[in-house]
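Worksheet: the structure to be examined is printed underneath.
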Amino acid sequence: MKRCLLLALVLPALLCIAWTTLTCSTAAAATASVRVHSTPSGAKVFVNGYLKGRTPCTARVSSATAHRKPYKITVILPGYEKWVGTVTLKASDAKTLEATLTRAAEETGESLKGRIVCIDPGHPSEASEGTTGPNGTTEVHINWVVAAKLKALLIADGAKVVLTKTSESQSVTNKQRALIANHAGASLMLRLHCDSGPIDGAATYYPDKQGHKDGVTGPSESIIAKCRAAAKAFHPAFAAALQGSITDRGIHGDSATLVGGKQGALTGSIYSKVPVLTIEMCVLSNAHDEAFIRRQAGQTQMAKALRAGVLAVLGR
Ligand SMILES: [Zn+2]
């Protein structure tokens with residue numbers, strides 16, 4: 001009788017614990033949590049291989065400690081490619097992840113078939129954490145979410161896409177970013193950034209002359225010529241697709257930038273052995289530009305505009 005009573009008390013408690021570790025729920029203050037959204041929604045979310053629920057959901061991570069540790073997030077929806085990302089968490093962290101799912105390979109298009117595009121979501125790097133808008137929107141977040149949306153679009157066009165980062169907060173040096181594109185044999189590398197300053201609008205930068213960094217001179221004259229041609233093809237299509245949502249600031253040489261002015265070219269360009277463009281998608285310190293890019297619709301329009309630019313350079 002006593003044993004039955006004990007089971008009656010303990011069993012519901014055990015079931016309750018199992019339920020909270022396996023399902024999405026509102027996070028308790030002490031544990032870490034990850035809010036996961038996906039496009040489309042309804043995808044299964046796994047944290048380190050454990051099912052936590054379906055998107056959109058908040059996954060509790062009770063194993064987080066005072067020291068930040070990486071957790072593997074996997075998002076799975078039938079008919080779409082598996083999405084894998086990493087998030088670093090310590091106790092009480094509450095982070096958000098957005099997974100833009102891409103259709104499985106057999107449903108992709110042909111216009112970028114055989115092309116390899118390297119997307120570089122700028123920051124954090126050895127140079128900077130990135131800028132922040134007047135309403136708190138961070139450049140590193142915008143670069144990351146637009147990169148994810150652009151990746152999905154380009155894969156749907158048949159391209160192979162390589163990213164220079166596996167999670168939003170990952171820090172990668174500008175040299176390493178260039179080496180990733182070189183190693184991938186990218187047909188084009190797009191470095192995504194948001195500007196700051198007393199201006200507004202979107203601009204395309206390309207290495208207009210060789211630069212010097214740590215004893216290295218680059219890029220080569222032939223890559224400079226390819227970058228110039230790529231910028232001239234990319235920017236008009238990119239600006240047109242923005243449809244006036246963001247002011248068109250035109251095409252500029254790397255040497256017109258602060259770092260490029262000192263080195264001759266941006267660090268990411270100096271080490272590049274593939275055509276590279278740096279896109280300042282907007283000026284985040286400008287309230288109008290920030291209001292545009294912080295909205296999902298603005299981010300989607302930006303990704304579509306970048307895709308239009310890529311198609312103008314590489315499309316068949
Ligand atoms: Zn930047």
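Identifiers in the structure tokens: chain A, B, ... in order shown; residue index from 1 per chain; ligand index from 1 in order shown.
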
Can I get the residues close to ligand 1 as a short mmCIF file (atom, residue, chain, number, x, y, z; two decimals) with N, CA and C atoms, in the first residue's frame, where close means within 8 Å and we count only C-alpha atoms and all ligand atoms?
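Ended up saving to selection-v6.cif:
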data_model
loop_
_atom_site.label_atom_id
_atom_site.label_comp_id
_atom_site.auth_asym_id
_atom_site.auth_seq_id
_atom_site.Cartn_x
_atom_site.Cartn_y
_atom_site.Cartn_z
N GLY A 122 29.01 40.09 -42.13
CA GLY A 122 30.08 40.84 -41.47
C GLY A 122 29.95 40.91 -39.95
N HIS A 123 31.13 40.86 -39.27
CA HIS A 123 31.22 41.01 -37.80
C HIS A 123 30.70 39.78 -37.08
N SER A 128 36.05 44.88 -35.57
CA SER A 128 34.89 45.55 -34.96
C SER A 128 33.78 44.56 -34.62
N GLY A 130 30.79 45.59 -34.99
CA GLY A 130 29.72 46.08 -35.85
C GLY A 130 28.99 47.24 -35.20
N THR A 131 28.19 47.93 -36.00
CA THR A 131 27.51 49.13 -35.51
C THR A 131 26.13 48.78 -34.92
N GLU A 139 24.12 45.54 -36.15
CA GLU A 139 24.56 45.18 -37.50
C GLU A 139 24.80 43.68 -37.62
N VAL A 140 25.40 43.10 -36.57
CA VAL A 140 25.75 41.68 -36.64
C VAL A 140 24.48 40.84 -36.82
N LEU A 192 28.48 41.20 -46.45
CA LEU A 192 27.30 41.97 -46.07
C LEU A 192 27.58 42.83 -44.83
N HIS A 193 27.31 44.11 -44.95
CA HIS A 193 27.54 45.06 -43.85
C HIS A 193 26.43 46.09 -43.80
N CYS A 194 26.37 46.82 -42.68
CA CYS A 194 25.54 48.01 -42.54
C CYS A 194 26.48 49.14 -42.12
N ASP A 195 26.29 50.30 -42.72
CA ASP A 195 27.19 51.43 -42.48
C ASP A 195 26.71 52.25 -41.29
N GLU A 280 27.24 47.60 -48.40
CA GLU A 280 26.70 48.33 -47.25
C GLU A 280 25.20 48.41 -47.51
#

Open item on the list: I'd like the neighbourhood of Phe238 in chain A as a ChimeraX atom specification, where a residue qualifies if any of its atoms comes within 9 Å (using only C-alpha atoms), though same-chain residues fewer than 4 positions away should be ignored.
Closed with: /A:234,242,302,304-310,312

- [ ] Output as a PyMOL selection string all residues of range 110-240 of chain A that backbone DSSP marks as strand (DSSP E or B).
- [x] chain A and resi 116-121+132+138+160-163+188-195+202-206+211-213+216-218

Task: range 256-258 of chain A surroundings by only C-alpha atoms, 10 Å radius, close-in-sequence under 3 positions cut, as a ChimeraX atom specification - done: /A:205-208,252-253,261-266

Task: alpha helix (DSSP H) per DSSP on the backbone: members of range 60-287 of chain A, as an NGL selection string - done: :A and (139-156 or 174-184 or 221-241 or 258-263 or 267-270 or 287)

Open item on the list: Quick check, in Å to one decimal: how far apart do CA of Pro121 in chain A and CA of Lys175 in chain A lie?
Closed with: 13.8 Å

Please identify all polymer residues within 7 Å of Lys273 in chain A, counting only C-alpha atoms, omitting same-chain residues fewer than 2 positions from it, and present them as a JSON list (two decimals) with C-alpha atoms, in the first residue's frame.
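That gives us selection.json:
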[["chain", "number", "residue", "atom", "x", "y", "z"],
["A", 182, "ASN", "CA", 39.16, 31.22, -51.66],
["A", 219, "PRO", "CA", 44.12, 41.36, -54.67],
["A", 223, "ILE", "CA", 40.79, 39.95, -59.60],
["A", 271, "TYR", "CA", 43.42, 38.36, -49.18],
["A", 275, "PRO", "CA", 35.76, 38.32, -57.08]]

Open item on the list: Report, in Å with one decimal, the straight-line distance from CA of Glu221 in chain A to CA of Ile270 in chain A.
Closed with: 11.2 Å

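Every protein, DNA or RNA residue with an atom at most 8 Å from Thr164 in chain A, where only C-alpha atoms count and chain neighbours fewer than 5 positions away do not, is listed here: Cys118, Ile119, Asp120, Pro121, Val172, Arg177, Ile180 and Ala181 of chain A.
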
Could you dump the residues just selected with C-alpha atoms as a PDB file, in the first residue's frame?
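Ended up saving to out.pdb:
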ATOM      1  CA  CYS A 118      30.238  32.809 -50.579  1.00  0.00           C
ATOM      2  CA  ILE A 119      28.084  34.962 -48.299  1.00  0.00           C
ATOM      3  CA  ASP A 120      29.993  36.720 -45.553  1.00  0.00           C
ATOM      4  CA  PRO A 121      27.769  38.092 -42.763  1.00  0.00           C
ATOM      5  CA  VAL A 172      35.908  35.339 -37.615  1.00  0.00           C
ATOM      6  CA  ARG A 177      36.654  35.119 -44.161  1.00  0.00           C
ATOM      7  CA  ILE A 180      37.025  30.574 -46.698  1.00  0.00           C
ATOM      8  CA  ALA A 181      35.825  32.066 -50.002  1.00  0.00           C
TER       9      ALA A 181
END

Do you have, as a tab-separated table, the list of residues of range 187-244 of chain A lying at most 10 Å from range 284-292 of chain A, each with its nearest atom pair and that distance in Å to one decimal, counting only C-alpha atoms and ordered by chain then number?
residue	atom	partner	partner_atom	distance
A:His193	CA	A:Leu284	CA	9.6
A:Cys194	CA	A:Leu284	CA	5.8
A:Asp195	CA	A:Leu284	CA	5.9
A:Ser196	CA	A:Ser285	CA	5.0
A:Gly197	CA	A:Ser285	CA	6.3
A:Pro198	CA	A:Asn286	CA	7.3
A:Ile199	CA	A:Asn286	CA	7.0
A:Asp200	CA	A:Asn286	CA	6.0
A:Gly201	CA	A:Asp289	CA	7.1
A:Ala202	CA	A:Asp289	CA	9.2

Open item on the list: Give me, as an MDAnalysis selection string, all polymer residues having an atom no more than 9 Å from Ile76 in chain A, counting only C-alpha atoms and skipping those fewer than 3 positions away in the same chain.
Closed with: chainID A and resid 43:46 80:84 101

- [ ] Figure out the distance between CA of Gln176 in chain A and CA of Val259 in chain A, please, to one decimal in Å.
- [x] 17.1 Å

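Proximity to Ala152 in chain A was assessed for A:Ala225, A:Ala91, A:Ala64, A:Ala303 counting only C-alpha atoms; the smallest distance is recorded for A:Ala303.
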